$ cat target_26.pdb   # PDB, C-alpha atoms, pLDDT in the B column
MODEL        1
ATOM      1  CA  MET D 206      39.596 -23.979   4.744  1.00 42.00           C
ATOM      2  CA  GLU D 207      37.124 -21.389   3.502  1.00 48.00           C
ATOM      3  CA  LYS D 208      39.146 -20.898   0.342  1.00 62.00           C
ATOM      4  CA  THR D 209      38.997 -24.635  -0.331  1.00 86.00           C
ATOM      5  CA  LEU D 210      35.239 -24.641   0.261  1.00 93.00           C
ATOM      6  CA  GLU D 211      34.737 -21.613  -1.968  1.00 95.00           C
ATOM      7  CA  THR D 212      36.857 -23.062  -4.759  1.00 95.00           C
ATOM      8  CA  THR D 213      35.136 -26.442  -4.568  1.00 96.00           C
ATOM      9  CA  LEU D 214      31.651 -24.934  -4.640  1.00 97.00           C
ATOM     10  CA  ALA D 215      32.522 -22.643  -7.546  1.00 97.00           C
ATOM     11  CA  SER D 216      33.892 -25.555  -9.564  1.00 96.00           C
ATOM     12  CA  THR D 217      31.105 -28.035  -8.769  1.00 97.00           C
ATOM     13  CA  ILE D 218      28.202 -25.618  -9.208  1.00 98.00           C
ATOM     14  CA  GLY D 219      29.785 -24.188 -12.351  1.00 97.00           C
ATOM     15  CA  LYS D 220      29.926 -27.644 -13.938  1.00 97.00           C
ATOM     16  CA  LEU D 221      26.336 -28.392 -12.905  1.00 98.00           C
ATOM     17  CA  LEU D 222      25.095 -25.186 -14.541  1.00 97.00           C
ATOM     18  CA  ARG D 223      27.156 -25.780 -17.674  1.00 96.00           C
ATOM     19  CA  ASP D 224      25.808 -29.327 -18.043  1.00 96.00           C
ATOM     20  CA  ASN D 225      22.191 -28.182 -17.700  1.00 95.00           C
ATOM     21  CA  PHE D 226      22.135 -24.721 -19.286  1.00 94.00           C
ATOM     22  CA  GLY D 227      24.517 -25.486 -22.132  1.00 91.00           C
ATOM     23  CA  LYS D 228      26.853 -22.728 -20.927  1.00 94.00           C
ATOM     24  CA  GLY D 229      28.340 -22.177 -17.519  1.00 95.00           C
ATOM     25  CA  PRO D 230      29.151 -18.851 -15.851  1.00 98.00           C
ATOM     26  CA  GLY D 231      32.373 -17.135 -16.828  1.00 98.00           C
ATOM     27  CA  SER D 232      33.134 -16.838 -13.115  1.00 98.00           C
ATOM     28  CA  ILE D 233      31.539 -17.649  -9.756  1.00 98.00           C
ATOM     29  CA  TYR D 234      32.348 -15.582  -6.661  1.00 97.00           C
ATOM     30  CA  VAL D 235      31.483 -17.587  -3.526  1.00 97.00           C
ATOM     31  CA  SER D 236      30.901 -15.835  -0.177  1.00 96.00           C
ATOM     32  CA  VAL D 237      30.539 -17.837   3.036  1.00 95.00           C
ATOM     33  CA  GLY D 238      29.185 -16.393   6.281  1.00 93.00           C
ATOM     34  CA  LYS D 239      26.656 -18.141   8.488  1.00 90.00           C
ATOM     35  CA  PRO D 240      23.773 -18.342   8.085  1.00 94.00           C
ATOM     36  CA  PHE D 241      24.319 -17.886   4.313  1.00 97.00           C
ATOM     37  CA  ILE D 242      26.404 -18.954   1.349  1.00 97.00           C
ATOM     38  CA  THR D 243      26.109 -16.867  -1.815  1.00 98.00           C
ATOM     39  CA  MET D 244      27.376 -17.674  -5.297  1.00 99.00           C
ATOM     40  CA  TYR D 245      27.561 -14.652  -7.598  1.00 99.00           C
ATOM     41  CA  LEU D 246      27.563 -15.628 -11.278  1.00 99.00           C
ATOM     42  CA  ARG D 247      29.035 -13.469 -14.031  1.00 98.00           C
ATOM     43  CA  ASP D 248      28.899 -13.826 -17.817  1.00 98.00           C
ATOM     44  CA  PHE D 249      26.031 -16.313 -17.553  1.00 98.00           C
ATOM     45  CA  LEU D 250      23.786 -16.306 -20.616  1.00 96.00           C
ATOM     46  CA  ALA D 251      23.251 -19.202 -23.011  1.00 93.00           C
ATOM     47  CA  PRO D 252      23.173 -18.539 -26.795  1.00 92.00           C
ATOM     48  CA  MET D 253      19.440 -19.283 -27.079  1.00 92.00           C
ATOM     49  CA  GLU D 254      18.735 -16.990 -24.126  1.00 95.00           C
ATOM     50  CA  ASN D 255      20.639 -14.245 -25.907  1.00 93.00           C
ATOM     51  CA  VAL D 256      18.391 -14.732 -28.950  1.00 94.00           C
ATOM     52  CA  LEU D 257      15.261 -14.471 -26.793  1.00 94.00           C
ATOM     53  CA  LEU D 258      16.541 -11.296 -25.148  1.00 95.00           C
ATOM     54  CA  SER D 259      17.302  -9.787 -28.553  1.00 93.00           C
ATOM     55  CA  GLN D 260      13.649 -10.478 -29.414  1.00 94.00           C
ATOM     56  CA  ASP D 261      12.605  -8.591 -26.255  1.00 91.00           C
ATOM     57  CA  ASN D 262      11.389 -11.747 -24.533  1.00 91.00           C
ATOM     58  CA  PRO D 263      13.035 -11.727 -21.075  1.00 93.00           C
ATOM     59  CA  LEU D 264      10.005 -13.341 -19.424  1.00 92.00           C
ATOM     60  CA  ARG D 265      10.503 -16.481 -21.496  1.00 94.00           C
ATOM     61  CA  VAL D 266      14.114 -16.687 -20.322  1.00 96.00           C
ATOM     62  CA  GLN D 267      13.061 -16.289 -16.690  1.00 95.00           C
ATOM     63  CA  GLU D 268      10.360 -18.955 -17.023  1.00 94.00           C
ATOM     64  CA  THR D 269      12.805 -21.418 -18.592  1.00 95.00           C
ATOM     65  CA  ARG D 270      15.426 -20.752 -15.946  1.00 96.00           C
ATOM     66  CA  ASP D 271      12.862 -21.162 -13.164  1.00 96.00           C
ATOM     67  CA  ALA D 272      11.890 -24.565 -14.569  1.00 95.00           C
ATOM     68  CA  LEU D 273      15.538 -25.655 -14.748  1.00 96.00           C
ATOM     69  CA  MET D 274      16.324 -24.366 -11.268  1.00 97.00           C
ATOM     70  CA  ASN D 275      13.369 -26.261  -9.789  1.00 96.00           C
ATOM     71  CA  LYS D 276      15.046 -29.389 -11.115  1.00 97.00           C
ATOM     72  CA  LEU D 277      18.548 -28.401  -9.960  1.00 98.00           C
ATOM     73  CA  ILE D 278      17.790 -27.077  -6.459  1.00 98.00           C
ATOM     74  CA  PRO D 279      17.821 -30.531  -4.766  1.00 98.00           C
ATOM     75  CA  GLU D 280      21.192 -31.290  -6.354  1.00 98.00           C
ATOM     76  CA  ILE D 281      22.623 -27.888  -5.387  1.00 98.00           C
ATOM     77  CA  GLN D 282      21.404 -28.438  -1.834  1.00 98.00           C
ATOM     78  CA  ASN D 283      23.035 -31.877  -1.689  1.00 98.00           C
ATOM     79  CA  ILE D 284      26.332 -30.413  -2.910  1.00 98.00           C
ATOM     80  CA  ILE D 285      26.323 -27.684  -0.249  1.00 98.00           C
ATOM     81  CA  VAL D 286      25.355 -30.119   2.531  1.00 97.00           C
ATOM     82  CA  ALA D 287      28.136 -32.507   1.489  1.00 96.00           C
ATOM     83  CA  GLU D 288      30.769 -29.760   1.393  1.00 95.00           C
ATOM     84  CA  THR D 289      29.755 -27.902   4.578  1.00 94.00           C
ATOM     85  CA  ASN D 290      28.295 -30.703   6.715  1.00 93.00           C
ATOM     86  CA  GLU D 291      25.478 -28.281   7.574  1.00 93.00           C
ATOM     87  CA  GLN D 292      21.733 -28.624   7.118  1.00 95.00           C
ATOM     88  CA  VAL D 293      20.326 -26.274   4.496  1.00 97.00           C
ATOM     89  CA  LYS D 294      16.964 -24.594   5.011  1.00 96.00           C
ATOM     90  CA  GLY D 295      16.537 -23.518   1.403  1.00 97.00           C
ATOM     91  CA  ILE D 296      18.163 -22.641  -1.903  1.00 98.00           C
ATOM     92  CA  TYR D 297      17.216 -19.380  -3.613  1.00 99.00           C
ATOM     93  CA  TYR D 298      18.270 -17.528  -6.760  1.00 98.00           C
ATOM     94  CA  ASP D 299      17.760 -14.515  -9.007  1.00 98.00           C
ATOM     95  CA  TRP D 300      19.132 -13.088 -12.261  1.00 98.00           C
ATOM     96  CA  CYS D 301      20.038  -9.800 -13.895  1.00 97.00           C
ATOM     97  CA  LEU D 302      19.720 -10.801 -17.533  1.00 97.00           C
ATOM     98  CA  ASP D 303      20.839  -7.428 -18.889  1.00 95.00           C
ATOM     99  CA  ARG D 304      24.172  -7.775 -17.103  1.00 97.00           C
ATOM    100  CA  LYS D 305      24.437 -11.560 -17.633  1.00 98.00           C
ATOM    101  CA  THR D 306      24.747 -11.991 -13.869  1.00 98.00           C
ATOM    102  CA  GLY D 307      22.923 -13.965 -11.229  1.00 98.00           C
ATOM    103  CA  VAL D 308      23.062 -15.286  -7.699  1.00 99.00           C
ATOM    104  CA  ILE D 309      22.359 -18.649  -6.124  1.00 99.00           C
ATOM    105  CA  PHE D 310      22.349 -18.680  -2.338  1.00 98.00           C
ATOM    106  CA  ALA D 311      21.676 -21.047   0.540  1.00 98.00           C
ATOM    107  CA  GLU D 312      20.396 -20.424   4.052  1.00 97.00           C
ATOM    108  CA  PHE D 313      21.480 -22.817   6.785  1.00 95.00           C
ATOM    109  CA  VAL D 314      19.012 -24.356   9.241  1.00 92.00           C
ATOM    110  CA  SER D 315      21.090 -23.597  12.338  1.00 72.00           C
ATOM    111  CA  ASN D 316      19.702 -20.759  14.463  1.00 58.00           C
ATOM    112  CA  GLU D 317      23.208 -19.964  15.661  1.00 57.00           C
ATOM    113  CA  GLY D 318      23.612 -17.651  12.692  1.00 48.00           C
ATOM    114  CA  TYR D 319      20.930 -15.265  13.944  1.00 55.00           C
ATOM    115  CA  GLU D 320      22.033 -14.612  17.500  1.00 59.00           C
ATOM    116  CA  ASN D 321      24.882 -12.222  18.285  1.00 64.00           C
ATOM    117  CA  ASN D 322      26.210 -12.588  14.765  1.00 80.00           C
ATOM    118  CA  GLN D 323      29.146 -10.255  14.160  1.00 88.00           C
ATOM    119  CA  LEU D 324      28.271 -10.123  10.456  1.00 92.00           C
ATOM    120  CA  GLU D 325      25.222  -8.037  11.452  1.00 92.00           C
ATOM    121  CA  ASN D 326      27.403  -5.372  13.036  1.00 91.00           C
ATOM    122  CA  TYR D 327      28.411  -3.195  10.112  1.00 96.00           C
ATOM    123  CA  PRO D 328      28.327   0.638  10.047  1.00 95.00           C
ATOM    124  CA  GLU D 329      25.815   1.091   7.219  1.00 97.00           C
ATOM    125  CA  LYS D 330      23.204  -1.260   8.692  1.00 97.00           C
ATOM    126  CA  ASP D 331      20.656   1.351   9.845  1.00 97.00           C
ATOM    127  CA  GLY D 332      20.587   3.099   6.474  1.00 98.00           C
ATOM    128  CA  ILE D 333      20.275  -0.201   4.613  1.00 98.00           C
ATOM    129  CA  HIS D 334      17.408  -1.308   6.867  1.00 98.00           C
ATOM    130  CA  GLU D 335      15.641   2.023   6.418  1.00 98.00           C
ATOM    131  CA  GLU D 336      15.532   1.561   2.639  1.00 98.00           C
ATOM    132  CA  ILE D 337      14.563  -2.125   2.835  1.00 98.00           C
ATOM    133  CA  ASN D 338      11.686  -1.297   5.186  1.00 98.00           C
ATOM    134  CA  ARG D 339      10.604   1.587   2.933  1.00 98.00           C
ATOM    135  CA  PHE D 340      10.370  -0.325  -0.332  1.00 97.00           C
ATOM    136  CA  THR D 341       8.974  -3.455   1.338  1.00 97.00           C
ATOM    137  CA  GLU D 342       6.168  -1.409   2.899  1.00 97.00           C
ATOM    138  CA  HIS D 343       5.471   0.110  -0.520  1.00 95.00           C
ATOM    139  CA  ALA D 344       5.271  -3.330  -2.149  1.00 95.00           C
ATOM    140  CA  GLN D 345       3.658  -5.250   0.729  1.00 94.00           C
ATOM    141  CA  LYS D 346       4.109  -4.258   4.373  1.00 95.00           C
ATOM    142  CA  ILE D 347       6.929  -3.534   6.812  1.00 96.00           C
ATOM    143  CA  PRO D 348       8.679  -6.770   7.826  1.00 98.00           C
ATOM    144  CA  GLU D 349       8.021  -8.023  11.349  1.00 97.00           C
ATOM    145  CA  LYS D 350      11.718  -8.888  11.537  1.00 96.00           C
ATOM    146  CA  LEU D 351      14.661  -7.732   9.456  1.00 97.00           C
ATOM    147  CA  HIS D 352      18.198  -9.106   9.636  1.00 95.00           C
ATOM    148  CA  SER D 353      21.107  -8.291   7.365  1.00 96.00           C
ATOM    149  CA  TYR D 354      24.620  -9.671   7.140  1.00 97.00           C
ATOM    150  CA  LYS D 355      27.713  -8.212   5.511  1.00 97.00           C
ATOM    151  CA  LEU D 356      29.467 -11.426   4.490  1.00 96.00           C
ATOM    152  CA  ASN D 357      32.481  -9.540   3.121  1.00 95.00           C
ATOM    153  CA  SER D 358      33.360  -6.251   1.419  1.00 95.00           C
ATOM    154  CA  ARG D 359      31.312  -7.259  -1.610  1.00 97.00           C
ATOM    155  CA  THR D 360      28.185  -9.017  -0.334  1.00 98.00           C
ATOM    156  CA  ILE D 361      25.270  -8.015   1.919  1.00 98.00           C
ATOM    157  CA  VAL D 362      22.365 -10.423   2.483  1.00 98.00           C
ATOM    158  CA  SER D 363      19.126  -9.347   4.155  1.00 98.00           C
ATOM    159  CA  LYS D 364      16.185 -11.465   5.278  1.00 97.00           C
ATOM    160  CA  ARG D 365      12.701 -10.039   5.814  1.00 98.00           C
ATOM    161  CA  ASP D 366      10.151 -12.053   7.823  1.00 97.00           C
ATOM    162  CA  LYS D 367       6.342 -11.809   7.612  1.00 97.00           C
ATOM    163  CA  ILE D 368       5.996  -9.528   4.588  1.00 97.00           C
ATOM    164  CA  PHE D 369       3.193 -11.024   2.489  1.00 97.00           C
ATOM    165  CA  VAL D 370      -0.196  -9.313   2.383  1.00 96.00           C
ATOM    166  CA  GLU D 371      -3.455 -11.283   2.255  1.00 96.00           C
ATOM    167  CA  ILE D 372      -3.796 -11.366  -1.541  1.00 96.00           C
ATOM    168  CA  GLU D 373      -0.258 -12.754  -1.852  1.00 97.00           C
ATOM    169  CA  GLN D 374      -0.955 -15.370   0.800  1.00 96.00           C
ATOM    170  CA  GLU D 375      -4.070 -16.452  -1.085  1.00 97.00           C
ATOM    171  CA  LEU D 376      -2.143 -16.689  -4.368  1.00 97.00           C
ATOM    172  CA  ILE D 377       0.448 -18.858  -2.613  1.00 97.00           C
ATOM    173  CA  ARG D 378      -2.241 -21.125  -1.154  1.00 96.00           C
ATOM    174  CA  SER D 379      -3.823 -21.383  -4.612  1.00 97.00           C
ATOM    175  CA  GLY D 380      -0.563 -22.525  -6.214  1.00 96.00           C
ATOM    176  CA  PHE D 381       0.408 -19.357  -8.101  1.00 96.00           C
ATOM    177  CA  ASN D 382       3.985 -19.258  -6.786  1.00 95.00           C
ATOM    178  CA  LYS D 383       5.480 -19.186 -10.281  1.00 93.00           C
ATOM    179  CA  GLN D 384       3.450 -16.175 -11.414  1.00 94.00           C
ATOM    180  CA  LEU D 385       3.926 -14.383  -8.096  1.00 96.00           C
ATOM    181  CA  ARG D 386       7.705 -14.774  -8.236  1.00 95.00           C
ATOM    182  CA  LEU D 387       7.885 -13.342 -11.757  1.00 94.00           C
ATOM    183  CA  ALA D 388       5.706 -10.362 -10.811  1.00 94.00           C
ATOM    184  CA  LYS D 389       7.456  -9.618  -7.521  1.00 96.00           C
ATOM    185  CA  ARG D 390      10.930  -9.704  -9.073  1.00 95.00           C
ATOM    186  CA  LYS D 391      10.018  -6.882 -11.387  1.00 93.00           C
ATOM    187  CA  LEU D 392       8.044  -4.901  -8.796  1.00 96.00           C
ATOM    188  CA  GLU D 393      10.522  -4.985  -5.929  1.00 97.00           C
ATOM    189  CA  LYS D 394      13.537  -4.146  -8.071  1.00 96.00           C
ATOM    190  CA  SER D 395      11.683  -1.169  -9.533  1.00 96.00           C
ATOM    191  CA  LEU D 396      11.021   0.183  -6.021  1.00 97.00           C
ATOM    192  CA  ILE D 397      14.531  -0.111  -4.580  1.00 98.00           C
ATOM    193  CA  ASN D 398      16.323   3.242  -4.389  1.00 98.00           C
ATOM    194  CA  LYS D 399      19.761   2.171  -5.589  1.00 98.00           C
ATOM    195  CA  PRO D 400      21.345   5.679  -5.522  1.00 98.00           C
ATOM    196  CA  TYR D 401      20.304   6.057  -1.872  1.00 98.00           C
ATOM    197  CA  LEU D 402      21.834   2.694  -0.952  1.00 98.00           C
ATOM    198  CA  GLU D 403      25.043   3.617  -2.777  1.00 98.00           C
ATOM    199  CA  ALA D 404      25.169   6.901  -0.851  1.00 98.00           C
ATOM    200  CA  VAL D 405      24.698   5.048   2.447  1.00 98.00           C
ATOM    201  CA  LEU D 406      27.416   2.546   1.591  1.00 97.00           C
ATOM    202  CA  GLY D 407      29.775   4.983  -0.081  1.00 96.00           C
ATOM    203  CA  LEU D 408      30.209   2.314  -2.747  1.00 96.00           C
ATOM    204  CA  ALA D 409      28.820   1.435  -6.149  1.00 97.00           C
ATOM    205  CA  ILE D 410      26.344  -1.450  -6.260  1.00 98.00           C
ATOM    206  CA  ASP D 411      26.901  -3.816  -9.171  1.00 98.00           C
ATOM    207  CA  ASP D 412      23.729  -5.873  -8.718  1.00 98.00           C
ATOM    208  CA  ILE D 413      20.618  -6.190  -6.567  1.00 98.00           C
ATOM    209  CA  PHE D 414      18.906  -9.573  -6.329  1.00 98.00           C
ATOM    210  CA  VAL D 415      15.665 -10.664  -4.660  1.00 98.00           C
ATOM    211  CA  ASP D 416      13.925 -13.948  -3.881  1.00 98.00           C
ATOM    212  CA  TRP D 417      11.353 -15.347  -1.463  1.00 98.00           C
ATOM    213  CA  ASP D 418      10.481 -18.364   0.634  1.00 98.00           C
ATOM    214  CA  PHE D 419       6.746 -18.492  -0.001  1.00 97.00           C
ATOM    215  CA  SER D 420       6.112 -21.311   2.475  1.00 96.00           C
ATOM    216  CA  ASP D 421       7.846 -19.418   5.295  1.00 96.00           C
ATOM    217  CA  ASP D 422       6.634 -15.866   4.486  1.00 97.00           C
ATOM    218  CA  ALA D 423      10.147 -14.517   4.033  1.00 98.00           C
ATOM    219  CA  GLY D 424      11.955 -12.405   1.465  1.00 98.00           C
ATOM    220  CA  TYR D 425      15.624 -11.864   0.701  1.00 98.00           C
ATOM    221  CA  VAL D 426      17.597  -8.992  -0.804  1.00 98.00           C
ATOM    222  CA  ILE D 427      21.222  -9.405  -1.854  1.00 99.00           C
ATOM    223  CA  LEU D 428      23.467  -6.451  -2.638  1.00 99.00           C
ATOM    224  CA  ILE D 429      26.602  -7.094  -4.691  1.00 98.00           C
ATOM    225  CA  LEU D 430      28.971  -4.206  -4.038  1.00 98.00           C
ATOM    226  CA  ASN D 431      31.920  -2.923  -6.021  1.00 95.00           C
ATOM    227  CA  PRO D 432      34.585  -1.747  -3.558  1.00 88.00           C
ATOM    228  CA  THR D 433      36.861  -0.607  -6.401  1.00 81.00           C
ATOM    229  CA  LYS D 434      34.500   2.048  -7.823  1.00 66.00           C
TER
ENDMDL
END
$ encode --input "target_26.pdb" --output "structure tokens"
Amino acid sequence: MEKTLETTLASTIGKLLRDNFGKGPGSIYVSVGKPFITMYLRDFLAPMENVLLSQDNPLRVQETRDALMNKLIPEIQNIIVAETNEQVKGIYYDWCLDRKTGVIFAEFVSNEGYENNQLENYPEKDGIHEEINRFTEHAQKIPEKLHSYKLNSRTIVSKRDKIFVEIEQELIRSGFNKQLRLAKRKLEKSLINKPYLEAVLGLAIDDIFVDWDFSDDAGYVILILNPTK
């Protein structure tokens, strides 16, 4: 059943991205584990985006993608709801343009995913949480709550609640979400100690992605692991 869901989502979302970006991902790796679904995109960079990156203009690519994703998020949400028969709280995303990778992920509404969830019981959890708390405090403040879920051998999703400081909250109230997202992407990724996380996990990390729910004062970190390295 999960394989069918994963295959269907990969195919449907891949076509949607191809139709709107002009080029779809080379592959989509779907991970399902309540309360999250993640879709890891590889080889995802349109020809015009490649030109902009060659001109050292990654911000323009991010701004264009953000505009397109704002349009596509309702459709992505409808696809996931139709395929899972679950209510979706939000759709989030991030990119690593240098590696031509990205992630799109959904969080379900159901609170069942947060209580006694076996996906939270993985050996490296304490070390992962230590680093997430450290860099989040450096960028903003220590989260009031922190949950993380190892969906499979390749994907860890963490959610941080109540992390925004007063200046960020004021920017959000004033409608500067777009600018704040662009700034925080760069800041948070620069603060994450990837070698430490790899030492904790005993695995190489292929990608680290971040995104936020500004209306709910929450932040997400996704680790894409490489069990073969």
$ resolve_selection --input "target_26.pdb" --expression "the PyMOL selection byres ((chain D and resi 404-417) around 7)" --output "ChimeraX atom specification"
/D:297-300,329,332,390,400-403,418-419,423-432,434
$ closest_residue --input "target_26.pdb" --among "D:Ser259, D:Glu288, D:Glu280, D:Ala311" --to "Thr212 (chain D)" --atoms "all atoms listed in the file"
D:Glu288
$ closest_residue --input "target_26.pdb" --among "D:Thr269, D:Asn275, D:Ser358, D:Gln374" --to "Met253 (chain D)" --atoms "only C-alpha atoms"
D:Thr269
$ atom_distance --input "target_26.pdb" --atom1 "CA of Ser353 (chain D)" --atom2 "CA of Glu268 (chain D)"
28.7 Å
$ residues_around --input "target_26.pdb" --residues "Asp421 (chain D)" --least-positions-apart "6" --cutoff "12 Å" --atoms "only C-alpha atoms" --output "ChimeraX atom specification"
/D:294-295,364-369,374,377
$ resolve_selection --input "target_26.pdb" --expression "the PyMOL selection byres ((chain D and resi 248) around 12)" --output "PDB file with C-alpha atoms, in the frame of the given file"
ATOM      1  CA  GLY D 219      29.785 -24.188 -12.351  1.00 97.00           C
ATOM      2  CA  LYS D 228      26.853 -22.728 -20.927  1.00 94.00           C
ATOM      3  CA  GLY D 229      28.340 -22.177 -17.519  1.00 95.00           C
ATOM      4  CA  PRO D 230      29.151 -18.851 -15.851  1.00 98.00           C
ATOM      5  CA  GLY D 231      32.373 -17.135 -16.828  1.00 98.00           C
ATOM      6  CA  SER D 232      33.134 -16.838 -13.115  1.00 98.00           C
ATOM      7  CA  ILE D 233      31.539 -17.649  -9.756  1.00 98.00           C
ATOM      8  CA  TYR D 234      32.348 -15.582  -6.661  1.00 97.00           C
ATOM      9  CA  TYR D 245      27.561 -14.652  -7.598  1.00 99.00           C
ATOM     10  CA  LEU D 246      27.563 -15.628 -11.278  1.00 99.00           C
ATOM     11  CA  ARG D 247      29.035 -13.469 -14.031  1.00 98.00           C
ATOM     12  CA  PHE D 249      26.031 -16.313 -17.553  1.00 98.00           C
ATOM     13  CA  LEU D 250      23.786 -16.306 -20.616  1.00 96.00           C
ATOM     14  CA  ALA D 251      23.251 -19.202 -23.011  1.00 93.00           C
ATOM     15  CA  PRO D 252      23.173 -18.539 -26.795  1.00 92.00           C
ATOM     16  CA  ASN D 255      20.639 -14.245 -25.907  1.00 93.00           C
ATOM     17  CA  TRP D 300      19.132 -13.088 -12.261  1.00 98.00           C
ATOM     18  CA  CYS D 301      20.038  -9.800 -13.895  1.00 97.00           C
ATOM     19  CA  LEU D 302      19.720 -10.801 -17.533  1.00 97.00           C
ATOM     20  CA  ASP D 303      20.839  -7.428 -18.889  1.00 95.00           C
ATOM     21  CA  ARG D 304      24.172  -7.775 -17.103  1.00 97.00           C
ATOM     22  CA  LYS D 305      24.437 -11.560 -17.633  1.00 98.00           C
ATOM     23  CA  THR D 306      24.747 -11.991 -13.869  1.00 98.00           C
ATOM     24  CA  GLY D 307      22.923 -13.965 -11.229  1.00 98.00           C
ATOM     25  CA  VAL D 308      23.062 -15.286  -7.699  1.00 99.00           C
TER      26      VAL D 308
END
$ residues_around --input "target_26.pdb" --residues "Gln282 (chain D)" --least-positions-apart "5" --cutoff "12 Å" --atoms "all atoms listed in the file" --output "PDB file with C-alpha atoms, in the frame of the given file"
ATOM      1  CA  LEU D 214      31.651 -24.934  -4.640  1.00 97.00           C
ATOM      2  CA  THR D 217      31.105 -28.035  -8.769  1.00 97.00           C
ATOM      3  CA  ILE D 218      28.202 -25.618  -9.208  1.00 98.00           C
ATOM      4  CA  ILE D 242      26.404 -18.954   1.349  1.00 97.00           C
ATOM      5  CA  MET D 274      16.324 -24.366 -11.268  1.00 97.00           C
ATOM      6  CA  ASN D 275      13.369 -26.261  -9.789  1.00 96.00           C
ATOM      7  CA  LYS D 276      15.046 -29.389 -11.115  1.00 97.00           C
ATOM      8  CA  LEU D 277      18.548 -28.401  -9.960  1.00 98.00           C
ATOM      9  CA  ALA D 287      28.136 -32.507   1.489  1.00 96.00           C
ATOM     10  CA  GLU D 288      30.769 -29.760   1.393  1.00 95.00           C
ATOM     11  CA  THR D 289      29.755 -27.902   4.578  1.00 94.00           C
ATOM     12  CA  ASN D 290      28.295 -30.703   6.715  1.00 93.00           C
ATOM     13  CA  GLU D 291      25.478 -28.281   7.574  1.00 93.00           C
ATOM     14  CA  GLN D 292      21.733 -28.624   7.118  1.00 95.00           C
ATOM     15  CA  VAL D 293      20.326 -26.274   4.496  1.00 97.00           C
ATOM     16  CA  LYS D 294      16.964 -24.594   5.011  1.00 96.00           C
ATOM     17  CA  GLY D 295      16.537 -23.518   1.403  1.00 97.00           C
ATOM     18  CA  ILE D 296      18.163 -22.641  -1.903  1.00 98.00           C
ATOM     19  CA  TYR D 297      17.216 -19.380  -3.613  1.00 99.00           C
ATOM     20  CA  ILE D 309      22.359 -18.649  -6.124  1.00 99.00           C
ATOM     21  CA  PHE D 310      22.349 -18.680  -2.338  1.00 98.00           C
ATOM     22  CA  ALA D 311      21.676 -21.047   0.540  1.00 98.00           C
ATOM     23  CA  GLU D 312      20.396 -20.424   4.052  1.00 97.00           C
ATOM     24  CA  PHE D 313      21.480 -22.817   6.785  1.00 95.00           C
TER      25      PHE D 313
END
$ atom_distance --input "target_26.pdb" --atom1 "CA of Lys346 (chain D)" --atom2 "CA of Gln323 (chain D)"
27.5 Å
$ closest_residue --input "target_26.pdb" --among "D:Asn262, D:Asn225, D:Asn398, D:Ser236" --to "Glu335 (chain D)" --atoms "all atoms listed in the file"
D:Asn398
$ closest_residue --input "target_26.pdb" --among "D:Thr209, D:Gln345, D:Asn322, D:Thr243" --to "Asp422 (chain D)" --atoms "all atoms listed in the file"
D:Gln345
$ atom_distance --input "target_26.pdb" --atom1 "CA of Arg265 (chain D)" --atom2 "CA of Leu385 (chain D)"
15.1 Å
$ closest_residue --input "target_26.pdb" --among "D:Ile361, D:Ile281, D:Val266, D:Ala272" --to "Lys220 (chain D)" --atoms "all atoms listed in the file"
D:Ile281
$ residues_around --input "target_26.pdb" --residues "Gln384 (chain D)" --least-positions-apart "5" --cutoff "12 Å" --atoms "only C-alpha atoms" --output "PyMOL selection string"
chain D and resi 264+267-268+271+373+376-377+379+389-391
$ write_last_selection --input "target_26.pdb" --atoms "C-alpha atoms" --output "mmCIF file, in the coordinates of the input"
data_model
loop_
_atom_site.group_PDB
_atom_site.id
_atom_site.type_symbol
_atom_site.label_atom_id
_atom_site.label_comp_id
_atom_site.auth_asym_id
_atom_site.auth_seq_id
_atom_site.Cartn_x
_atom_site.Cartn_y
_atom_site.Cartn_z
ATOM 1 C CA LEU D 264 10.005 -13.341 -19.424
ATOM 2 C CA GLN D 267 13.061 -16.289 -16.690
ATOM 3 C CA GLU D 268 10.360 -18.955 -17.023
ATOM 4 C CA ASP D 271 12.862 -21.162 -13.164
ATOM 5 C CA GLU D 373 -0.258 -12.754 -1.852
ATOM 6 C CA LEU D 376 -2.143 -16.689 -4.368
ATOM 7 C CA ILE D 377 0.448 -18.858 -2.613
ATOM 8 C CA SER D 379 -3.823 -21.383 -4.612
ATOM 9 C CA LYS D 389 7.456 -9.618 -7.521
ATOM 10 C CA ARG D 390 10.930 -9.704 -9.073
ATOM 11 C CA LYS D 391 10.018 -6.882 -11.387
#
